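Engineer: Pasting data29.csv here (CSV, C-alpha atoms):
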```csv
chain,number,residue,atom,x,y,z
F,22,MET,CA,-1.2,-14.8,7.9
F,23,LYS,CA,-4.2,-15.8,5.7
F,24,THR,CA,-6.8,-15.2,8.4
F,25,ASN,CA,-9.3,-12.5,8.9
F,26,GLY,CA,-7.6,-9.5,10.3
F,27,PHE,CA,-4.1,-10.5,9.3
F,28,PHE,CA,-3.2,-6.8,9.2
F,29,GLY,CA,-3.7,-6.7,13.0
F,30,SER,CA,0.0,-6.8,13.7
F,31,LEU,CA,2.4,-5.7,11.0
F,32,ASN,CA,5.2,-5.8,13.5
F,33,GLY,CA,7.8,-8.3,12.4
F,34,SER,CA,6.0,-9.0,9.0
F,35,VAL,CA,7.9,-9.0,5.8
F,36,SER,CA,6.3,-7.1,2.9
F,37,VAL,CA,7.3,-7.0,-0.7
F,38,LEU,CA,6.1,-3.9,-2.6
F,39,LEU,CA,5.9,-4.3,-6.3
F,40,GLY,CA,6.4,-0.8,-7.8
F,41,ALA,CA,8.0,2.3,-6.3
F,42,GLY,CA,5.3,4.8,-7.1
F,43,ARG,CA,4.2,7.5,-4.7
F,44,SER,CA,1.5,5.5,-3.0
F,45,ASN,CA,3.8,2.5,-2.5
F,46,ILE,CA,6.5,4.7,-1.0
F,47,ALA,CA,3.9,6.1,1.5
F,48,LEU,CA,2.8,2.5,2.2
F,49,ALA,CA,6.5,1.4,2.7
F,50,ALA,CA,6.9,4.2,5.3
F,51,TYR,CA,3.7,3.1,7.1
F,52,LEU,CA,4.7,-0.6,7.1
F,53,SER,CA,8.2,0.3,8.4
F,54,LYS,CA,6.8,2.6,11.2
F,55,CYS,CA,4.5,-0.4,12.2
F,56,GLY,CA,7.6,-2.5,12.7
F,57,GLY,CA,7.5,-4.4,9.5
F,58,ARG,CA,10.4,-5.2,7.1
F,59,VAL,CA,9.9,-3.8,3.7
F,60,MET,CA,11.4,-4.8,0.3
F,61,ILE,CA,10.7,-2.7,-2.8
F,62,CYS,CA,11.0,-4.0,-6.3
F,63,ASP,CA,10.5,-1.9,-9.4
F,64,ARG,CA,11.3,-3.0,-13.0
F,65,SER,CA,12.3,0.5,-14.1
F,66,LEU,CA,14.6,1.4,-11.1
F,67,SER,CA,18.0,0.2,-10.1
F,68,GLU,CA,18.5,-1.0,-6.6
F,69,LYS,CA,20.6,2.1,-5.9
F,70,GLU,CA,17.7,4.3,-7.0
F,71,ILE,CA,15.4,2.4,-4.6
F,72,VAL,CA,17.8,2.9,-1.7
F,73,LYS,CA,17.9,6.6,-2.5
F,74,ILE,CA,14.1,6.9,-2.5
F,75,ALA,CA,13.9,5.0,0.8
F,76,GLU,CA,16.5,7.3,2.4
F,77,GLU,CA,14.8,10.5,1.0
F,78,ASN,CA,11.5,9.3,2.5
F,79,LYS,CA,13.0,8.1,5.8
F,80,ILE,CA,11.8,4.6,5.3
F,81,GLY,CA,13.6,2.4,7.9
F,82,ASN,CA,14.1,-1.4,7.6
F,83,CYS,CA,13.8,-1.2,3.9
F,84,ALA,CA,15.8,-3.1,1.2
F,85,PRO,CA,15.6,-3.1,-2.6
F,86,ILE,CA,15.2,-6.4,-4.4
F,87,LYS,CA,15.9,-7.2,-8.0
F,88,TYR,CA,12.9,-8.0,-10.1
F,89,GLY,CA,12.5,-11.7,-10.3
F,90,THR,CA,14.1,-12.3,-6.8
F,91,LEU,CA,11.9,-14.3,-4.5
F,92,PRO,CA,12.7,-13.6,-0.8
F,93,LYS,CA,10.5,-15.0,1.9
F,94,ALA,CA,7.5,-12.7,2.3
F,95,ASP,CA,4.3,-12.6,4.4
F,96,LEU,CA,2.6,-9.9,2.2
F,97,VAL,CA,3.0,-8.8,-1.4
F,98,PHE,CA,1.5,-5.4,-2.3
F,99,ARG,CA,0.9,-4.8,-5.9
F,100,THR,CA,0.0,-1.6,-7.7
F,101,PRO,CA,-3.0,-1.7,-10.1
F,102,VAL,CA,-0.6,-1.5,-13.1
F,103,ILE,CA,0.7,-5.0,-12.2
F,104,ARG,CA,-1.7,-7.7,-13.2
F,105,PRO,CA,-2.6,-10.2,-10.4
F,106,ASP,CA,-1.7,-13.1,-12.7
F,107,ASP,CA,1.9,-11.8,-13.2
F,108,GLY,CA,4.4,-14.6,-12.9
F,109,LEU,CA,6.3,-13.0,-10.1
F,110,ILE,CA,3.2,-12.6,-8.0
F,111,SER,CA,2.2,-16.2,-8.7
F,112,SER,CA,5.6,-17.3,-7.4
F,113,PHE,CA,5.2,-15.3,-4.2
F,114,VAL,CA,1.7,-16.6,-3.6
F,115,SER,CA,2.7,-20.2,-4.3
F,116,ARG,CA,5.4,-19.8,-1.5
F,117,GLY,CA,2.8,-18.7,1.0
F,118,ALA,CA,2.7,-14.9,0.7
F,119,TYR,CA,-0.7,-13.1,0.8
F,120,LEU,CA,-1.4,-10.9,-2.3
F,121,THR,CA,-2.9,-7.6,-1.3
F,122,SER,CA,-3.0,-3.9,-2.0
F,123,GLU,CA,-2.9,-0.6,-0.1
F,124,THR,CA,-6.6,-0.3,-0.7
F,125,GLU,CA,-7.2,-3.6,1.1
F,126,LEU,CA,-5.0,-2.4,4.0
F,127,PHE,CA,-7.0,0.8,4.1
F,128,PHE,CA,-10.3,-1.1,4.3
F,129,GLU,CA,-9.0,-3.3,7.1
F,130,LYS,CA,-7.7,-0.4,9.1
F,131,CYS,CA,-10.4,2.1,8.5
F,132,ARG,CA,-12.6,2.6,11.6
F,133,GLY,CA,-15.6,4.1,9.9
F,134,ASN,CA,-17.9,3.6,7.0
F,135,ILE,CA,-16.5,3.6,3.5
F,136,TYR,CA,-18.3,5.1,0.6
F,137,GLY,CA,-17.2,4.7,-3.0
F,138,ILE,CA,-18.0,6.8,-5.9
F,139,THR,CA,-17.8,5.1,-9.3
F,140,GLY,CA,-18.5,6.0,-12.9
F,141,SER,CA,-16.6,7.1,-16.0
F,142,ASP,CA,-17.0,10.9,-15.6
F,143,GLY,CA,-17.0,13.3,-12.6
F,144,LYS,CA,-15.8,11.1,-9.8
F,145,THR,CA,-13.2,13.5,-8.5
F,146,THR,CA,-15.7,16.4,-8.5
F,147,THR,CA,-18.4,14.3,-6.9
F,148,ALA,CA,-16.1,12.9,-4.3
F,149,THR,CA,-14.8,16.4,-3.4
F,150,ILE,CA,-18.3,17.9,-3.1
F,151,THR,CA,-19.4,14.9,-1.0
F,152,ALA,CA,-16.4,15.1,1.3
F,153,GLU,CA,-17.0,18.8,1.8
F,154,LEU,CA,-20.7,18.2,2.7
F,155,TYR,CA,-19.8,15.5,5.3
F,156,LYS,CA,-16.8,17.2,6.8
F,157,LYS,CA,-19.0,19.2,9.1
F,158,GLN,CA,-20.5,16.0,10.6
F,159,LEU,CA,-17.8,13.4,10.2
F,160,GLU,CA,-14.1,12.9,9.9
F,161,VAL,CA,-13.5,12.5,6.2
F,162,LEU,CA,-10.6,10.8,4.6
F,163,SER,CA,-10.6,11.2,0.8
F,164,ALA,CA,-8.6,9.0,-1.6
F,165,ALA,CA,-6.5,12.1,-2.4
F,166,SER,CA,-5.2,12.3,1.1
F,167,PHE,CA,-5.0,8.5,1.7
F,168,SER,CA,-1.2,8.2,0.9
F,169,ALA,CA,-0.5,11.1,3.3
F,170,GLU,CA,-2.6,9.5,6.0
F,171,ILE,CA,-0.8,6.1,5.6
F,172,SER,CA,2.6,7.7,5.7
F,173,GLU,CA,1.7,9.5,9.0
F,174,CYS,CA,0.3,6.2,10.5
F,175,ARG,CA,-3.0,7.9,11.2
F,176,LEU,CA,-5.1,4.8,10.3
```
Could you show the structure in this file as structure tokens?
Structural biologist:
Amino acid sequence: MKTNGFFGSLNGSVSVLLGAGRSNIALAAYLSKCGGRVMICDRSLSEKEIVKIAEENKIGNCAPIKYGTLPKADLVFRTPVIRPDDGLISSFVSRGAYLTSETELFFEKCRGNIYGITGSDGKTTTATITAELYKKQLEVLSAASFSAEISECRL
């Protein structure tokens, strides 16, 4: 799995998603639609709550896991809130899982050029104006619509 283009075939892969926020739920739906097995772990939710979220979002082949549990996984997706040096992440990586994020998946699957807008003020406004200017010439996918695109498997 640790080769260039490892996202090429997600069919049959096992992914652990650390955190059950909106973007990871969309990611779980995408991975499931691609034929992957998904396990979701969230410190603040019970397994029953995760099952309910998966059912409400029609995420197939999904199972909750208790925080601290170490099932065999090919990929571990973390949210920005979880530090990459978190002990649980280190344990997964030491057992052969590849640590990644939905952003890395997007970069791998995106067929076009990617432009980033950085800074401390005005990013959303600048990105919105830039996207509007380019929409007439190019297909534009903004970060705001990224989760929806992923959940619809449009990448």
Engineer: When you draw a straight line from atom CA of Leu52 of chain F to atom CA of Leu159 of chain F, how long is it in Å?
Structural biologist: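 Spanning atom CA of Leu52 of chain F to atom CA of Leu159 of chain F is a straight-line distance of 26.7 Å.
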Engineer: Hey, can you check how far atom CA of Ser36 of chain F sits from atom CA of Arg104 of chain F?
Structural biologist: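 Value for the atom CA of Ser36 of chain F-atom CA of Arg104 of chain F distance: 18.0 Å.
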Engineer: Counting all atoms listed in the file, which residue out of F:Val35, F:Ile135, F:Pro105, F:Glu153 sits closest to Gly56 of chain F?
Structural biologist: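 So, comparing all the options, the nearest one is F:Val35.
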Engineer: Please tabulate, as JSON lines, the residues of segment 90-170 of chain F that come within 8 Å of segment 39-42 of chain F, each with its closest pair of atoms and the distance in Å to one decimal, counting all atoms listed in the file and ordering rows by chain, then residue number upward.
Structural biologist:
```
{"residue": "F:Val97", "atom": "CA", "partner": "F:Leu39", "partner_atom": "CA", "distance": 7.3}
{"residue": "F:Phe98", "atom": "CA", "partner": "F:Leu39", "partner_atom": "CA", "distance": 6.0}
{"residue": "F:Arg99", "atom": "CA", "partner": "F:Leu39", "partner_atom": "CA", "distance": 5.0}
{"residue": "F:Thr100", "atom": "CA", "partner": "F:Gly40", "partner_atom": "CA", "distance": 6.5}
{"residue": "F:Ile103", "atom": "CA", "partner": "F:Leu39", "partner_atom": "CA", "distance": 7.9}
```
Engineer: Keeping only C-alpha atoms, write the selected residues as a compact mmCIF listing (two decimals), in the frame of the given file.
Structural biologist:
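Listing of result_20.txt after writing:
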```
# COMPACT_ATOMS: atom_id res chain seq x y z
CA VAL F 97 3.00 -8.80 -1.40
CA PHE F 98 1.50 -5.40 -2.30
CA ARG F 99 0.90 -4.80 -5.90
CA THR F 100 0.00 -1.60 -7.70
CA ILE F 103 0.70 -5.00 -12.20
```
Engineer: Which is closest to Cys55 of chain F among F:Phe128, F:Cys83, F:Tyr119, F:Asn32, if we use only C-alpha atoms?
Structural biologist: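 Among the listed residues, the smallest separation from Cys55 of chain F belongs to F:Asn32.
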